[in-house]
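Student: You'll find start39.tsv just under this line, and it carries TSV, C-alpha atoms.
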chain	number	residue	atom	x	y	z
A	770	MET	CA	-102.84	-35.21	18.98
A	771	ALA	CA	-102.03	-38.89	19.45
A	772	ARG	CA	-101.62	-40.00	23.05
A	773	ARG	CA	-98.06	-41.01	23.81
A	774	ARG	CA	-97.42	-44.46	25.22
A	775	GLN	CA	-95.86	-44.36	28.68
A	776	ILE	CA	-92.98	-46.79	29.10
A	777	TYR	CA	-91.99	-46.18	32.72
A	778	GLU	CA	-92.58	-43.80	35.60
A	779	GLY	CA	-90.05	-43.30	38.37
A	780	LYS	CA	-89.82	-40.97	41.35
A	781	ALA	CA	-88.52	-38.00	39.35
A	782	LYS	CA	-89.11	-38.80	35.66
A	783	ILE	CA	-91.50	-40.38	33.18
A	784	LEU	CA	-90.34	-42.16	30.02
A	785	TYR	CA	-92.52	-42.12	26.91
A	786	GLU	CA	-92.16	-43.89	23.60
A	787	GLY	CA	-89.96	-41.84	21.29
A	788	PRO	CA	-90.67	-40.63	17.76
A	789	GLU	CA	-88.22	-43.13	16.23
A	790	PRO	CA	-87.25	-46.73	17.07
A	791	GLY	CA	-84.60	-46.85	19.76
A	792	THR	CA	-85.56	-43.47	21.25
A	793	LEU	CA	-87.52	-42.31	24.28
A	794	ILE	CA	-88.85	-39.01	25.58
A	795	GLN	CA	-87.69	-38.32	29.15
A	796	TYR	CA	-90.03	-36.04	31.11
A	797	PHE	CA	-88.75	-34.33	34.28
A	798	LYS	CA	-91.27	-34.07	37.13
A	799	ASP	CA	-91.42	-31.61	40.03
A	800	ASP	CA	-91.99	-34.49	42.46
A	801	ALA	CA	-89.35	-34.93	45.14
A	802	THR	CA	-88.66	-37.95	47.34
A	803	ALA	CA	-86.12	-38.79	50.02
A	804	PHE	CA	-85.24	-41.66	52.35
A	805	ASN	CA	-86.35	-44.33	49.86
A	806	ALA	CA	-89.57	-42.39	49.08
A	807	GLN	CA	-90.62	-42.23	52.75
A	808	LYS	CA	-90.61	-38.44	52.44
A	809	ARG	CA	-92.48	-36.96	49.49
A	810	GLY	CA	-93.07	-33.43	48.28
A	811	THR	CA	-92.98	-31.09	45.33
A	812	ILE	CA	-90.20	-28.67	44.38
A	813	SER	CA	-91.76	-26.04	42.14
A	814	GLY	CA	-89.96	-25.81	38.78
A	815	LYS	CA	-87.50	-28.58	39.64
A	816	GLY	CA	-88.24	-30.50	36.45
A	817	VAL	CA	-87.50	-27.49	34.26
A	818	ILE	CA	-84.22	-26.69	36.03
A	819	ASN	CA	-83.05	-30.32	36.12
A	820	ASN	CA	-83.81	-30.72	32.42
A	821	ARG	CA	-81.58	-27.73	31.61
A	822	ILE	CA	-78.77	-28.70	33.96
A	823	SER	CA	-78.72	-32.33	32.81
A	824	GLU	CA	-78.77	-31.23	29.17
A	825	HIS	CA	-75.82	-28.91	29.78
A	826	ILE	CA	-73.78	-31.54	31.62
A	827	PHE	CA	-74.49	-34.40	29.22
A	828	THR	CA	-73.69	-32.20	26.22
A	829	SER	CA	-70.41	-31.12	27.84
A	830	LEU	CA	-69.49	-34.72	28.68
A	831	ALA	CA	-70.18	-35.85	25.12
A	832	ALA	CA	-67.79	-33.13	23.93
A	833	ILE	CA	-64.95	-34.75	25.91
A	834	GLY	CA	-65.76	-38.23	24.62
A	835	VAL	CA	-68.06	-39.66	27.31
A	836	PRO	CA	-70.87	-41.56	25.53
A	837	THR	CA	-74.36	-40.71	26.82
A	838	HIS	CA	-78.01	-41.44	26.02
A	839	PHE	CA	-78.81	-37.73	25.51
A	840	ILE	CA	-79.81	-36.64	22.00
A	841	ARG	CA	-81.43	-33.20	22.40
A	842	ARG	CA	-83.77	-31.19	24.61
A	843	VAL	CA	-87.33	-31.16	23.21
A	844	ASN	CA	-88.93	-28.51	25.43
A	845	MET	CA	-88.81	-27.09	28.95
A	846	ARG	CA	-89.43	-30.45	30.64
A	847	GLU	CA	-88.55	-33.08	28.07
A	848	GLN	CA	-85.52	-34.42	26.25
A	849	LEU	CA	-85.04	-37.00	23.53
A	850	ILE	CA	-82.78	-39.86	24.60
A	851	ARG	CA	-81.50	-43.17	23.27
A	852	GLN	CA	-83.31	-46.19	24.64
A	853	VAL	CA	-80.96	-48.31	26.73
A	854	GLU	CA	-81.09	-51.41	28.84
A	855	ILE	CA	-80.40	-49.97	32.28
A	856	ILE	CA	-77.74	-51.81	34.25
A	857	PRO	CA	-79.31	-52.31	37.71
A	858	ILE	CA	-76.46	-50.63	39.58
A	859	GLU	CA	-76.29	-47.12	40.99
A	860	VAL	CA	-72.74	-45.80	40.95
A	861	VAL	CA	-71.96	-43.28	43.69
A	862	VAL	CA	-68.76	-41.24	43.43
A	863	ARG	CA	-67.61	-39.62	46.68
A	864	ASN	CA	-65.01	-36.87	47.10
A	865	VAL	CA	-66.06	-35.59	50.54
A	866	ALA	CA	-67.68	-37.42	53.47
A	867	ALA	CA	-71.43	-36.79	53.63
A	868	GLY	CA	-74.77	-38.58	53.84
A	869	SER	CA	-74.71	-42.34	54.36
A	870	LEU	CA	-70.91	-42.53	54.28
A	871	SER	CA	-70.65	-40.25	57.31
A	872	LYS	CA	-73.30	-42.27	59.16
A	873	ARG	CA	-71.84	-45.67	58.29
A	874	LEU	CA	-68.22	-44.88	59.15
A	875	GLY	CA	-68.63	-42.11	61.72
A	876	ILE	CA	-66.72	-39.58	59.64
A	877	GLU	CA	-67.63	-35.94	60.15
A	878	GLU	CA	-69.61	-34.52	57.24
A	879	GLY	CA	-67.47	-32.24	55.12
A	880	THR	CA	-64.24	-34.19	55.66
A	881	GLN	CA	-62.17	-34.30	52.46
A	882	LEU	CA	-61.52	-37.93	51.57
A	883	PRO	CA	-57.87	-38.96	50.99
A	884	ARG	CA	-58.95	-40.36	47.62
A	885	THR	CA	-62.13	-40.58	45.57
A	886	ILE	CA	-64.34	-43.54	46.47
A	887	ILE	CA	-66.66	-45.35	44.05
A	888	GLU	CA	-69.52	-47.30	45.64
A	889	TYR	CA	-72.12	-49.56	44.02
A	890	TYR	CA	-75.76	-50.00	45.02
A	891	TYR	CA	-78.28	-52.51	43.69
A	892	LYS	CA	-81.22	-50.68	42.09
A	893	ASP	CA	-84.25	-52.06	43.94
A	894	ASP	CA	-86.61	-49.68	45.77
A	895	ALA	CA	-88.25	-52.54	47.69
A	896	LEU	CA	-84.87	-53.47	49.17
A	897	GLY	CA	-83.81	-49.87	49.78
A	898	ASP	CA	-81.06	-49.93	47.10
A	899	PRO	CA	-78.57	-51.95	49.19
A	900	MET	CA	-74.86	-51.39	48.89
A	901	ILE	CA	-73.08	-54.15	46.96
A	902	ALA	CA	-69.53	-55.20	46.08
A	903	ASP	CA	-67.90	-56.29	42.83
A	904	GLU	CA	-68.35	-59.91	43.93
A	905	HIS	CA	-72.14	-59.50	44.06
A	906	ILE	CA	-72.18	-57.95	40.58
A	907	ALA	CA	-70.14	-60.83	39.15
A	908	CYS	CA	-72.02	-63.52	41.06
A	909	PHE	CA	-75.48	-62.44	39.92
A	910	GLY	CA	-74.44	-61.38	36.42
A	911	TRP	CA	-75.65	-57.80	36.68
A	912	ALA	CA	-72.68	-56.65	34.57
A	913	THR	CA	-69.56	-58.21	33.09
A	914	GLN	CA	-66.07	-57.36	34.31
A	915	ASP	CA	-65.36	-55.48	31.09
A	916	GLU	CA	-68.55	-53.44	31.60
A	917	MET	CA	-67.59	-52.64	35.18
A	918	ASN	CA	-64.12	-51.56	34.04
A	919	ASP	CA	-65.75	-49.18	31.53
A	920	ILE	CA	-68.17	-47.92	34.18
A	921	ALA	CA	-65.38	-47.22	36.69
A	922	ASP	CA	-63.28	-45.47	34.04
A	923	MET	CA	-66.21	-43.29	32.95
A	924	ALA	CA	-67.16	-42.50	36.55
A	925	ILE	CA	-63.67	-41.19	37.29
A	926	ARG	CA	-63.60	-39.18	34.07
A	927	VAL	CA	-67.02	-37.67	34.81
A	928	ASN	CA	-65.89	-36.84	38.35
A	929	ASP	CA	-62.74	-35.09	37.14
A	930	PHE	CA	-64.72	-33.03	34.63
A	931	LEU	CA	-67.58	-32.12	36.98
A	932	SER	CA	-65.25	-31.26	39.87
A	933	GLY	CA	-63.47	-28.73	37.67
A	934	MET	CA	-66.66	-27.40	36.10
A	935	PHE	CA	-68.34	-26.78	39.44
A	936	ALA	CA	-65.19	-25.43	41.12
A	937	ALA	CA	-64.99	-22.79	38.37
A	938	ILE	CA	-68.38	-21.44	39.48
A	939	GLY	CA	-67.68	-21.61	43.21
A	940	ILE	CA	-69.31	-24.97	43.92
A	941	ARG	CA	-67.72	-27.97	45.64
A	942	LEU	CA	-68.76	-31.36	44.27
A	943	ILE	CA	-69.24	-33.52	47.37
A	944	ASP	CA	-70.63	-36.67	45.76
A	945	PHE	CA	-73.01	-37.74	43.00
A	946	LYS	CA	-74.91	-40.69	41.53
A	947	LEU	CA	-74.58	-42.12	38.04
A	948	GLU	CA	-76.51	-44.74	36.10
A	949	PHE	CA	-75.42	-46.60	32.98
A	950	GLY	CA	-77.15	-48.56	30.24
A	951	ARG	CA	-76.38	-50.88	27.35
A	952	VAL	CA	-76.96	-50.04	23.70
A	953	TRP	CA	-76.50	-52.38	20.74
A	954	GLU	CA	-74.49	-51.16	17.78
A	955	GLY	CA	-74.73	-54.07	15.37
A	956	ASP	CA	-73.39	-57.10	17.22
A	957	TYR	CA	-71.45	-54.93	19.64
A	958	VAL	CA	-72.83	-53.98	23.07
A	959	ARG	CA	-71.69	-50.64	24.44
A	960	VAL	CA	-72.13	-49.12	27.91
A	961	ILE	CA	-73.13	-45.46	27.98
A	962	LEU	CA	-74.09	-42.91	30.61
A	963	ALA	CA	-77.86	-42.69	31.19
A	964	ASP	CA	-80.49	-41.16	33.52
A	965	GLU	CA	-79.63	-37.56	34.55
A	966	ILE	CA	-77.05	-35.46	36.40
A	967	SER	CA	-78.64	-32.66	38.40
A	968	PRO	CA	-78.94	-31.33	41.99
A	969	ASP	CA	-81.32	-34.26	42.60
A	970	GLY	CA	-78.43	-36.72	42.44
A	971	CYS	CA	-75.45	-34.54	43.39
A	972	ARG	CA	-74.35	-32.95	46.63
A	973	LEU	CA	-73.23	-29.43	45.75
A	974	TRP	CA	-71.90	-27.00	48.37
A	975	ASP	CA	-70.91	-23.38	47.97
A	976	ILE	CA	-67.11	-23.31	48.24
A	977	LYS	CA	-66.99	-20.25	50.52
A	978	THR	CA	-70.00	-20.83	52.80
A	979	ASN	CA	-70.66	-24.60	52.56
A	980	GLU	CA	-74.27	-23.66	51.77
A	981	LYS	CA	-76.06	-26.73	50.40
A	982	LEU	CA	-77.31	-26.23	46.84
A	983	ASP	CA	-78.95	-29.62	46.29
A	984	LYS	CA	-81.76	-31.95	47.42
A	985	ASP	CA	-80.34	-32.12	50.96
A	986	ARG	CA	-82.25	-28.86	51.49
A	987	PHE	CA	-85.42	-30.90	50.95
A	988	ARG	CA	-84.21	-33.90	52.94
A	989	GLN	CA	-83.22	-31.76	55.92
A	990	ASP	CA	-86.07	-29.20	55.75
A	991	LEU	CA	-83.64	-26.32	55.26
A	992	GLY	CA	-85.99	-24.29	53.04
A	993	GLY	CA	-85.01	-22.49	49.86
A	994	VAL	CA	-84.97	-25.68	47.79
A	995	GLU	CA	-86.22	-24.06	44.58
A	996	GLU	CA	-83.80	-21.18	44.97
A	997	ALA	CA	-80.85	-23.56	45.49
A	998	TYR	CA	-81.57	-25.38	42.24
A	999	GLN	CA	-81.99	-22.04	40.45
A	1000	GLU	CA	-78.69	-20.82	41.87
A	1001	VAL	CA	-76.85	-23.79	40.39
A	1002	ALA	CA	-78.48	-23.12	37.00
A	1003	ARG	CA	-77.69	-19.40	37.27
A	1004	ARG	CA	-74.00	-20.03	37.96
A	1005	LEU	CA	-73.88	-22.42	35.00
A	1006	GLY	CA	-75.27	-19.62	32.83
A	1007	LEU	CA	-78.50	-21.49	32.06
A	1008	LEU	CA	-81.02	-18.89	33.24
A	1009	GLN	CA	-82.08	-15.98	31.08
A	1010	PRO	CA	-81.74	-12.45	32.56
A	1011	GLU	CA	-85.48	-12.18	33.23
A	1012	GLU	CA	-85.40	-15.53	35.02
A	1013	GLU	CA	-82.47	-14.57	37.26
A	1014	SER	CA	-84.67	-12.09	39.11
A	1015	ALA	CA	-86.54	-15.08	40.52
A	1016	VAL	CA	-83.39	-16.39	42.24
A	1017	LEU	CA	-83.52	-15.51	45.92
A	1018	ASP	CA	-80.72	-15.13	48.44
A	1019	LEU	CA	-80.52	-18.31	50.51
A	1020	ASP	CA	-79.28	-16.20	53.41
A	1021	SER	CA	-82.88	-15.20	54.10
A	1022	HIS	CA	-83.76	-18.82	54.78
A	1023	ARG	CA	-80.85	-19.21	57.20
A	1024	LYS	CA	-81.98	-16.12	59.11
A	1025	LYS	CA	-85.53	-17.46	59.37
A	1026	ARG	CA	-84.16	-20.67	60.88
A	1027	GLY	CA	-81.88	-18.75	63.22
A	1028	LYS	CA	-78.76	-20.14	61.60
What's the structure tokens form of this structure?
Tutor:
Amino acid sequence: MARRRQIYEGKAKILYEGPEPGTLIQYFKDDATAFNAQKRGTISGKGVINNRISEHIFTSLAAIGVPTHFIRRVNMREQLIRQVEIIPIEVVVRNVAAGSLSKRLGIEEGTQLPRTIIEYYYKDDALGDPMIADEHIACFGWATQDEMNDIADMAIRVNDFLSGMFAAIGIRLIDFKLEFGRVWEGDYVRVILADEISPDGCRLWDIKTNEKLDKDRFRQDLGGVEEAYQEVARRLGLLQPEEESAVLDLDSHRKKRGK
């Protein structure tokens, strides 16, 4: 078997050269990081679960007209994607106060925001992904105004869809991160959704209990990280019956911690 050429390795994924020009293979790792990679660990099976969840979400978004880089899932840990030029901006959509927003503005975590907020962060690990404004994006030419209009429109559309999708399975979408990239279609440049959407980049709380079902369980040493990711996949109908037996009740982890 020919050795695949690695294009890029990030904290959670590896990109390999694809079978056809303009394609890549995206491999999902079990590695987990937090606080700008100051905390590192492994979440067993995370790559498999995130591959399935991201496939499901990207396929659903494409069905409602949101353009994405996803082509098809190749195996348990890999998917075939379109090669894009990543726009160096992380787009964070917030519906409920949590994480850095609560710390920055002193708003109690869990507070419903009066309106959805879209924030932008410059993608640079060495700088800690600093928060930026539209003026920075325009000044340094990271994206055009038309591209930012498309990005904002898609972010709101994705948020509306995901909020409803998760609410239907008893999950509250607190906030989430998106990334976008450019593709060339002839002489025309188009912005499409890229990267992944999974519990790694979303805050997902159980509607009834506020139980965290995302990477905050890793960040905050709550335990039951693997089970939380599995629970999201189970509610989305992505686990087979024999796999559902592996999903544990997160209540046991609360009891161990005396919660």
Student: Please compute the CA of Glu786 in chain A-CA of Gln852 in chain A distance, one decimal, in Å.
Tutor: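 Between CA of Glu786 in chain A and CA of Gln852 in chain A the gap works out to 9.2 Å.
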Student: Give me, please, the distance in Å between CA of Glu995 in chain A and CA of Asp983 in chain A, quoted to one decimal.
Tutor: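 Atom-to-atom, CA of Glu995 in chain A and CA of Asp983 in chain A are spaced 9.3 Å apart.
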Student: Rounded to one decimal in Å, what is the spacing between CA of Arg986 in chain A and CA of Gly897 in chain A?
Tutor: 21.1 Å
Student: As JSON, please report the centre and edge lengths, rounded to one decimal in Å, of the axis-aligned box that holds all listed atoms of range 920-932 of chain A with 6 Å of padding on each of the six sides.
Tutor:
{"center_x": -65.5, "center_y": -39.6, "center_z": 36.4, "size_x": 17.4, "size_y": 28.7, "size_z": 18.9}
Student: Measuring atom to atom with all atoms listed in the file, identify which of A:Ala1002, A:Phe935, A:Leu1008, A:Asp799 is nearest to Ser823 in chain A.
Tutor: A:Ala1002
Student: Could you give me, as a count of residues only, the residues within 9 Å of Ile855 in chain A, counting all atoms listed in the file and dropping anything in the same chain fewer than 4 positions from it?
Tutor: 6
Student: Up to 10 Å from (-82.1, -33.8, 21.1) in the file's coordinates: name the residues, counting only C-alpha atoms, as number ranges by chain.
Tutor: A: 794, 824, 828, 838-844, 847-851
Student: Within 9 Å of Gln914 in chain A, counting all atoms listed in the file, which residues qualify if same-chain residues fewer than 6 places away don't, as number ranges by chain?
Tutor: A: 903, 906-907
Student: Would you mind writing range 942-953 of chain A with all heavy atoms, as an mmCIF file, in the coordinates of the input?
Tutor:
data_model
loop_
_atom_site.group_PDB
_atom_site.id
_atom_site.type_symbol
_atom_site.label_atom_id
_atom_site.label_comp_id
_atom_site.auth_asym_id
_atom_site.auth_seq_id
_atom_site.Cartn_x
_atom_site.Cartn_y
_atom_site.Cartn_z
ATOM 1 N N LEU A 942 -68.059 -30.122 44.568
ATOM 2 C CA LEU A 942 -68.760 -31.360 44.270
ATOM 3 C C LEU A 942 -68.449 -32.382 45.359
ATOM 4 O O LEU A 942 -67.361 -32.941 45.407
ATOM 5 C CB LEU A 942 -68.336 -31.892 42.893
ATOM 6 C CG LEU A 942 -68.982 -33.199 42.431
ATOM 7 C CD1 LEU A 942 -70.500 -33.064 42.320
ATOM 8 C CD2 LEU A 942 -68.383 -33.652 41.100
ATOM 9 N N ILE A 943 -69.414 -32.622 46.221
ATOM 10 C CA ILE A 943 -69.240 -33.520 47.370
ATOM 11 C C ILE A 943 -69.324 -34.974 46.932
ATOM 12 O O ILE A 943 -68.425 -35.778 47.169
ATOM 13 C CB ILE A 943 -70.291 -33.227 48.449
ATOM 14 C CG1 ILE A 943 -70.246 -31.749 48.848
ATOM 15 C CG2 ILE A 943 -70.082 -34.147 49.647
ATOM 16 C CD1 ILE A 943 -68.926 -31.275 49.395
ATOM 17 N N ASP A 944 -70.434 -35.333 46.302
ATOM 18 C CA ASP A 944 -70.630 -36.670 45.760
ATOM 19 C C ASP A 944 -71.750 -36.618 44.733
ATOM 20 O O ASP A 944 -72.445 -35.616 44.604
ATOM 21 C CB ASP A 944 -70.930 -37.706 46.872
ATOM 22 C CG ASP A 944 -72.147 -37.337 47.722
ATOM 23 O OD1 ASP A 944 -73.146 -36.836 47.153
ATOM 24 O OD2 ASP A 944 -72.120 -37.566 48.948
ATOM 25 N N PHE A 945 -71.941 -37.710 43.993
ATOM 26 C CA PHE A 945 -73.010 -37.740 43.000
ATOM 27 C C PHE A 945 -73.283 -39.169 42.570
ATOM 28 O O PHE A 945 -72.466 -40.070 42.777
ATOM 29 C CB PHE A 945 -72.668 -36.878 41.776
ATOM 30 C CG PHE A 945 -71.447 -37.294 41.018
ATOM 31 C CD1 PHE A 945 -71.542 -38.055 39.856
ATOM 32 C CD2 PHE A 945 -70.176 -36.923 41.448
ATOM 33 C CE1 PHE A 945 -70.422 -38.428 39.146
ATOM 34 C CE2 PHE A 945 -69.039 -37.302 40.740
ATOM 35 C CZ PHE A 945 -69.160 -38.056 39.588
ATOM 36 N N LYS A 946 -74.460 -39.374 41.978
ATOM 37 C CA LYS A 946 -74.910 -40.690 41.530
ATOM 38 C C LYS A 946 -74.941 -40.742 40.009
ATOM 39 O O LYS A 946 -75.346 -39.781 39.360
ATOM 40 C CB LYS A 946 -76.313 -40.977 42.083
ATOM 41 C CG LYS A 946 -76.946 -42.264 41.577
ATOM 42 C CD LYS A 946 -78.326 -42.449 42.148
ATOM 43 C CE LYS A 946 -79.326 -41.502 41.536
ATOM 44 N NZ LYS A 946 -79.647 -41.856 40.118
ATOM 45 N N LEU A 947 -74.526 -41.886 39.480
ATOM 46 C CA LEU A 947 -74.580 -42.120 38.040
ATOM 47 C C LEU A 947 -75.312 -43.424 37.765
ATOM 48 O O LEU A 947 -75.290 -44.354 38.585
ATOM 49 C CB LEU A 947 -73.179 -42.223 37.443
ATOM 50 C CG LEU A 947 -72.265 -40.988 37.534
ATOM 51 C CD1 LEU A 947 -70.870 -41.346 37.028
ATOM 52 C CD2 LEU A 947 -72.845 -39.827 36.735
ATOM 53 N N GLU A 948 -75.947 -43.499 36.580
ATOM 54 C CA GLU A 948 -76.510 -44.740 36.100
ATOM 55 C C GLU A 948 -76.027 -44.966 34.664
ATOM 56 O O GLU A 948 -75.778 -44.005 33.924
ATOM 57 C CB GLU A 948 -78.038 -44.720 36.153
ATOM 58 C CG GLU A 948 -78.575 -44.691 37.576
ATOM 59 C CD GLU A 948 -80.078 -44.911 37.642
ATOM 60 O OE1 GLU A 948 -80.646 -45.501 36.694
ATOM 61 O OE2 GLU A 948 -80.698 -44.485 38.641
ATOM 62 N N PHE A 949 -75.918 -46.239 34.301
ATOM 63 C CA PHE A 949 -75.420 -46.600 32.980
ATOM 64 C C PHE A 949 -76.363 -47.592 32.319
ATOM 65 O O PHE A 949 -77.124 -48.292 32.991
ATOM 66 C CB PHE A 949 -74.018 -47.208 33.087
ATOM 67 C CG PHE A 949 -72.975 -46.245 33.589
ATOM 68 C CD1 PHE A 949 -72.760 -46.059 34.947
ATOM 69 C CD2 PHE A 949 -72.220 -45.498 32.689
ATOM 70 C CE1 PHE A 949 -71.803 -45.170 35.407
ATOM 71 C CE2 PHE A 949 -71.263 -44.606 33.144
ATOM 72 C CZ PHE A 949 -71.055 -44.430 34.505
ATOM 73 N N GLY A 950 -76.310 -47.633 30.981
ATOM 74 C CA GLY A 950 -77.150 -48.560 30.240
ATOM 75 C C GLY A 950 -76.411 -49.137 29.055
ATOM 76 O O GLY A 950 -75.376 -48.624 28.625
ATOM 77 N N ARG A 951 -76.963 -50.215 28.519
ATOM 78 C CA ARG A 951 -76.380 -50.880 27.350
ATOM 79 C C ARG A 951 -77.129 -50.467 26.084
ATOM 80 O O ARG A 951 -78.358 -50.373 26.081
ATOM 81 C CB ARG A 951 -76.466 -52.392 27.495
ATOM 82 C CG ARG A 951 -75.746 -52.967 28.689
ATOM 83 C CD ARG A 951 -75.853 -54.494 28.688
ATOM 84 N NE ARG A 951 -75.219 -55.066 29.889
ATOM 85 C CZ ARG A 951 -75.882 -55.379 30.993
ATOM 86 N NH1 ARG A 951 -77.188 -55.168 31.056
ATOM 87 N NH2 ARG A 951 -75.250 -55.891 32.032
ATOM 88 N N VAL A 952 -76.377 -50.246 25.022
ATOM 89 C CA VAL A 952 -76.960 -50.040 23.700
ATOM 90 C C VAL A 952 -76.281 -51.012 22.741
ATOM 91 O O VAL A 952 -75.108 -51.354 22.912
ATOM 92 C CB VAL A 952 -76.794 -48.590 23.192
ATOM 93 C CG1 VAL A 952 -77.625 -47.624 24.013
ATOM 94 C CG2 VAL A 952 -75.330 -48.170 23.193
ATOM 95 N N TRP A 953 -77.039 -51.450 21.731
ATOM 96 C CA TRP A 953 -76.500 -52.380 20.740
ATOM 97 C C TRP A 953 -76.175 -51.637 19.469
ATOM 98 O O TRP A 953 -77.015 -50.924 18.911
ATOM 99 C CB TRP A 953 -77.510 -53.496 20.466
ATOM 100 C CG TRP A 953 -77.449 -54.590 21.487
ATOM 101 C CD1 TRP A 953 -76.844 -55.810 21.364
ATOM 102 C CD2 TRP A 953 -77.989 -54.572 22.818
ATOM 103 N NE1 TRP A 953 -76.971 -56.542 22.524
ATOM 104 C CE2 TRP A 953 -77.673 -55.808 23.429
ATOM 105 C CE3 TRP A 953 -78.700 -53.622 23.561
ATOM 106 C CZ2 TRP A 953 -78.057 -56.129 24.718
ATOM 107 C CZ3 TRP A 953 -79.082 -53.926 24.859
ATOM 108 C CH2 TRP A 953 -78.754 -55.168 25.423
#
